[in-house]
Number of protein chains: 2
Amino acid sequence: VKAELISVGTEILLGEITDTNSQWLAARLPAIGIDLYHQSTVGDNLGRLAEAIERALERTDVVIMTGGLGPTEDDLTREAIAQVLGEETFVDADAEKQLRAFFAARGVSFAERNVKQTMLIPSATAIPNPRGTAPGWWVEKTLATDNPGDTKYIISMPGPPAEMQRMWEHEVEPKLMKLAGDGVLVSRVLKTIGVGESTIDEMVAPLLKSTNPTIGVYAKPDGVYLRLAAKAPSQEEAWVHIAPVEEEARRILGPIVWGADNDTLEGVIGDMLEQRRLTLATMESCTSGLLASTITDVAGAAQYYTGGYVAYSARMKMGLGVSADIIEKHGVISAETAEAMAAAARRNLDADYGIGITGVAGNDEVEGKPPGTIHIAVAGEFGADHISYTFYQGRQATKRRAVTTALFLLRRTLLARDA
Amino acid sequence: VKAELISVGTEILLGEITDTNSQWLAARLPAIGIDLYHQSTVGDNLGRLAEAIERALERTDVVIMTGGLGPTEDDLTREAIAQVLGEETFVDADAEKQLRAFFAARGVSFAERNVKQTMLIPSATAIPNPRGTAPGWWVEKTLATDNPGDTKYIISMPGPPAEMQRMWEHEVEPKLMKLAGDGVLVSRVLKTIGVGESTIDEMVAPLLKSTNPTIGVYAKPDGVYLRLAAKAPSQEEAWVHIAPVEEEARRILGPIVWGADNDTLEGVIGDMLEQRRLTLATMESCTSGLLASTITDVAGAAQYYTGGYVAYSARMKMGLGVSADIIEKHGVISAETAEAMAAAARRNLDADYGIGITGVAGNDEVEGKPPGTIHIAVAGEFGADHISYTFYQGRQATKRRAVTTALFLLRRTLLARDA
């Protein structure tokens, strides 16, 4: 089964919005045996939109669209599909009733043009959207130009990622899986941290000749990934190709592999803490809550995360038990202050481990320390351990790198404890 | 001047990485008079990469590439450009020396295959990359098929956004601006919050007929945006088209416009606090640090942000002064607890305003309250104000919406104070 992705929205072409949907969807197609041949972006223009749909229907079986389903005048995806298929739109009375109830439940007044979102055409079925106001469209039609029995599919989903993703996972993917024929691509991603991309590449050099699975190495914000991708008639057979190469890669890389596939560093560390019945607290200065927020992006984090401080000022740090002497002697931006912060968080919040982060995330010097100076410490029953480095990549990337490094340091600490 | 964007990387086509670079670059081209005609993504394959570059050189003047400049075997952008232009690569000795020094400064060992990143061809000049190890390439060449004086440009930048963005802003954009001829597209984005997309659409309906500027309305995570985009021979003339329509739009929308263009809600609120010499503290439960992190994404936030607590447990909340009676009587997930949290943050951290957030960000009920139940309060000298709602869109989107709503509530409070 061949598919084409069309993202709708002038704001994408002008770069005012990032089209994350295409990539999110691209990632999910190989595993259900659907080959993505084309990807394009079209603006909010009825003619160009209809043209793009028409061309897509000529060369593929399944057209997957995102965006252009909102209530405003420039949301034209429904109109374009109707025009291409030569069908008339009508309002779905049940859907309209539900939509009015949805607005009422949120205490929001109902603007009449929202009714547009409940339109259908005879070939379309509405796809439920509990996260938003615009249902999707599942369109099935045999075109005059097709062989009898050659059905074309248009799947139209809303642009907001939270709405689209839920719709895909709960409604669209299960139905598409039934359409897909044989030949699937399956991949395993091994995630490492603490070693550079070029070093990983050298370590796994003997494996890189492999053609099924193929092997790729690439750097990501949370470390370096190794991707093994195998093709086979079925998922089971593809895994048979992957298994021995994965085993060898894991043997070569050893403990620098922290997870696989959809694992996150915070999830893996959460599991480690939970299994060992250990708890964690944080005190952050330059990352100012991003570490706490990341740790608690994991369901069930309340089991092991006892809380955190965003101690942006020296005054708040001292109020929480960081000694004025340490700050005086070593400065706020120092490994010693990071260790005192970690110890204070651990003590105040009754945790087995504390993490402290201090540094310069902005692009001005602080205490004569350059932007990107970062000190991270973990404190536990053993005392404290720290990592210090200087690497400036702009405020947000610098904060994110510090959070990843903090999680890496905690993982290293927990592994050392086990050993 | 016509341009084409090519993103390089199999991981993009497989959806393992999101290509944010294309949109980031697309956003910057109109203002310097460069028209983006094509956008494509190519995998890490020398033949297909060379073919894409060749086709791009046929139909455009400037080819802008991102990705494929790393040190590993599947980084092939340099090789593909060299092949298309029929030139030989060589190692730039100065660049090699600098790269070795960069690794030494970070205390990282130097894998020999990094040398690849210092390769050049005769038509290419290296573009400095202080945020990473791979310099870019600025390629200028008159092809045999061109008219004399018709020079083609290939600009190749690294894939990591922090590296690419700095390179674009400091090195590439200033040079490209000189190439661009006449006819620019200029846009003004007005950002609103507190009113839905369909209502905004109705409010500005009389303006929607305008063709220069054109007007678009779209929903974003931090509110609804109105985009006015005008074409003219110069930036100055384009602004003349925009000014009266912008004035009318601002008159219609009034105080729901919180900012324009690159303004962020946290930046606008930071300015409001700083101008009024007011300070802010936070206590977060379900957003657990994301509000604090967002507030401090603004340079100079230390001037008005006195600190925050990530009080994930009822125990920590009570330790910080939230009354056990309130929690007992109303539950942790309640407007009353949010108000007590806001008041305690304000009191403990000596701030003029405190924000408290409590709710259910995960997808399980808490205290019988459904996922997406959110209570947000602001406390100040006047007492407290709050917003409560229920809307679940997955953990991360739910946290982000709560943070945006908290900033909206604080803005509303500050505006009421002024009135």
# chains A, B, ... in the order shown; residues from 1 in each chain; ligands from 1
call {"tool": "residues_around", "arguments": {"residues": "Pro244 (chain A)", "least_positions_apart": "3", "cutoff": "12 Å", "atoms": "only C-alpha atoms", "output": "compact mmCIF listing (two decimals) with N, CA and C atoms, in the first residue's frame"}}
result
# COMPACT_ATOMS: atom_id res chain seq x y z
N LEU A 207 29.85 -3.68 12.16
CA LEU A 207 28.44 -3.99 11.90
C LEU A 207 27.88 -3.17 10.73
N SER A 210 26.32 -4.41 7.34
CA SER A 210 25.04 -5.13 7.32
C SER A 210 24.01 -4.42 6.43
N ASN A 212 20.66 -5.92 5.93
CA ASN A 212 19.33 -6.20 6.48
C ASN A 212 19.48 -6.88 7.83
N PRO A 213 19.47 -6.12 8.91
CA PRO A 213 19.13 -4.70 8.99
C PRO A 213 20.22 -3.77 8.47
N LEU A 228 18.76 0.09 13.87
CA LEU A 228 18.80 -1.13 13.07
C LEU A 228 17.43 -1.25 12.41
N ALA A 230 15.14 -3.41 9.56
CA ALA A 230 15.09 -4.62 8.73
C ALA A 230 13.78 -4.70 7.95
N ALA A 238 11.11 -9.91 10.31
CA ALA A 238 12.01 -8.77 10.39
C ALA A 238 12.79 -8.80 11.71
N TRP A 239 12.09 -9.16 12.79
CA TRP A 239 12.77 -9.23 14.09
C TRP A 239 13.84 -10.31 14.10
N VAL A 240 13.63 -11.39 13.34
CA VAL A 240 14.65 -12.44 13.26
C VAL A 240 15.94 -11.88 12.64
N HIS A 241 15.81 -10.98 11.67
CA HIS A 241 17.00 -10.35 11.10
C HIS A 241 17.69 -9.44 12.10
N GLU A 247 22.03 -7.98 19.36
CA GLU A 247 22.77 -8.62 20.45
C GLU A 247 24.25 -8.23 20.38
N GLU A 248 24.81 -8.27 19.15
CA GLU A 248 26.21 -7.93 18.98
C GLU A 248 26.46 -6.45 19.30
N ALA A 249 25.55 -5.59 18.87
CA ALA A 249 25.70 -4.15 19.15
C ALA A 249 25.65 -3.90 20.65
N ARG A 250 24.74 -4.56 21.33
CA ARG A 250 24.64 -4.38 22.79
C ARG A 250 25.90 -4.87 23.49
N ARG A 251 26.49 -6.00 22.96
CA ARG A 251 27.72 -6.54 23.55
C ARG A 251 28.85 -5.51 23.40
call {"tool": "residues_around", "arguments": {"residues": "Glu339 (chain B)", "least_positions_apart": "3", "cutoff": "6 Å", "atoms": "only C-alpha atoms", "output": "ChimeraX atom specification"}}
result
/B:336,342,377
call {"tool": "atom_distance", "arguments": {"atom1": "CA of Val63 (chain A)", "atom2": "CA of Ile154 (chain A)"}}
result
4.7 Å
call {"tool": "closest_residue", "arguments": {"among": "B:Arg59, B:Lys231, B:Arg347, B:Arg315", "to": "chain A", "atoms": "only C-alpha atoms"}}
result
B:Arg315
call {"tool": "residues_around", "arguments": {"residues": "Val186 (chain A)", "least_positions_apart": "6", "cutoff": "12 Å", "atoms": "only C-alpha atoms", "output": "VMD selection string"}}
result
(chain A and resid 27 to 34 212 to 214 227 to 243 261) or (chain B and resid 14)
call {"tool": "write_last_selection", "arguments": {"atoms": "C-alpha atoms", "output": "PDB file, in the first residue's frame"}}
result
ATOM      1  CA  ALA A  27       7.508   7.230  11.749  1.00  0.00           C
ATOM      2  CA  ARG A  28       4.382   5.128  12.121  1.00  0.00           C
ATOM      3  CA  LEU A  29       3.830   4.024   8.529  1.00  0.00           C
ATOM      4  CA  PRO A  30       6.681   1.523   7.961  1.00  0.00           C
ATOM      5  CA  ALA A  31       5.637  -0.754  10.824  1.00  0.00           C
ATOM      6  CA  ILE A  32       2.148  -1.209   9.408  1.00  0.00           C
ATOM      7  CA  GLY A  33       3.473  -1.970   5.929  1.00  0.00           C
ATOM      8  CA  ILE A  34       2.620   1.354   4.314  1.00  0.00           C
ATOM      9  CA  ASN A 212      19.328  -6.203   6.476  1.00  0.00           C
ATOM     10  CA  PRO A 213      19.128  -4.697   8.992  1.00  0.00           C
ATOM     11  CA  THR A 214      20.744  -1.505   7.783  1.00  0.00           C
ATOM     12  CA  ARG A 227      19.184   2.437  14.399  1.00  0.00           C
ATOM     13  CA  LEU A 228      18.801  -1.130  13.069  1.00  0.00           C
ATOM     14  CA  ALA A 229      16.105  -1.317  10.354  1.00  0.00           C
ATOM     15  CA  ALA A 230      15.086  -4.620   8.732  1.00  0.00           C
ATOM     16  CA  LYS A 231      12.697  -5.446   5.895  1.00  0.00           C
ATOM     17  CA  ALA A 232      10.758  -8.716   5.721  1.00  0.00           C
ATOM     18  CA  PRO A 233       7.344 -10.061   4.723  1.00  0.00           C
ATOM     19  CA  SER A 234       6.189  -9.975   8.361  1.00  0.00           C
ATOM     20  CA  GLN A 235       7.117  -8.220  11.581  1.00  0.00           C
ATOM     21  CA  GLU A 236       8.159 -11.579  13.082  1.00  0.00           C
ATOM     22  CA  GLU A 237      10.602 -12.287  10.260  1.00  0.00           C
ATOM     23  CA  ALA A 238      12.015  -8.767  10.390  1.00  0.00           C
ATOM     24  CA  TRP A 239      12.770  -9.233  14.089  1.00  0.00           C
ATOM     25  CA  VAL A 240      14.647 -12.445  13.255  1.00  0.00           C
ATOM     26  CA  HIS A 241      17.001 -10.350  11.096  1.00  0.00           C
ATOM     27  CA  ILE A 242      17.446  -7.737  13.785  1.00  0.00           C
ATOM     28  CA  ALA A 243      17.993  -9.972  16.834  1.00  0.00           C
ATOM     29  CA  ASP A 261      12.936   2.660  20.920  1.00  0.00           C
TER      30      ASP A 261
ATOM     31  CA  LEU B  14      11.547   7.491   8.673  1.00  0.00           C
TER      32      LEU B  14
END
call {"tool": "closest_residue", "arguments": {"among": "B:Thr405, B:Thr306, B:Gln117, B:Thr133", "to": "chain A", "atoms": "only C-alpha atoms"}}
result
B:Thr306
call {"tool": "atom_distance", "arguments": {"atom1": "CA of Ala338 (chain A)", "atom2": "CA of His386 (chain A)"}}
result
7.9 Å
call {"tool": "residues_around", "arguments": {"residues": "Ile155 (chain B)", "least_positions_apart": "4", "cutoff": "8 Å", "atoms": "only C-alpha atoms", "output": "number ranges by chain"}}
result
B: 62-65, 136-139, 172
call {"tool": "atom_distance", "arguments": {"atom1": "CA of Ala56 (chain B)", "atom2": "CA of Leu76 (chain B)"}}
result
17.0 Å
call {"tool": "closest_residue", "arguments": {"among": "A:Asp35, A:Glu328, A:Glu246, A:Glu381", "to": "chain B", "atoms": "only C-alpha atoms"}}
result
A:Asp35
call {"tool": "residues_around", "arguments": {"residues": "Ser198 (chain A)", "least_positions_apart": "5", "cutoff": "9 Å", "atoms": "only C-alpha atoms", "output": "PyMOL selection string"}}
result
(chain A and resi 203+217) or (chain B and resi 70-72+110-114)
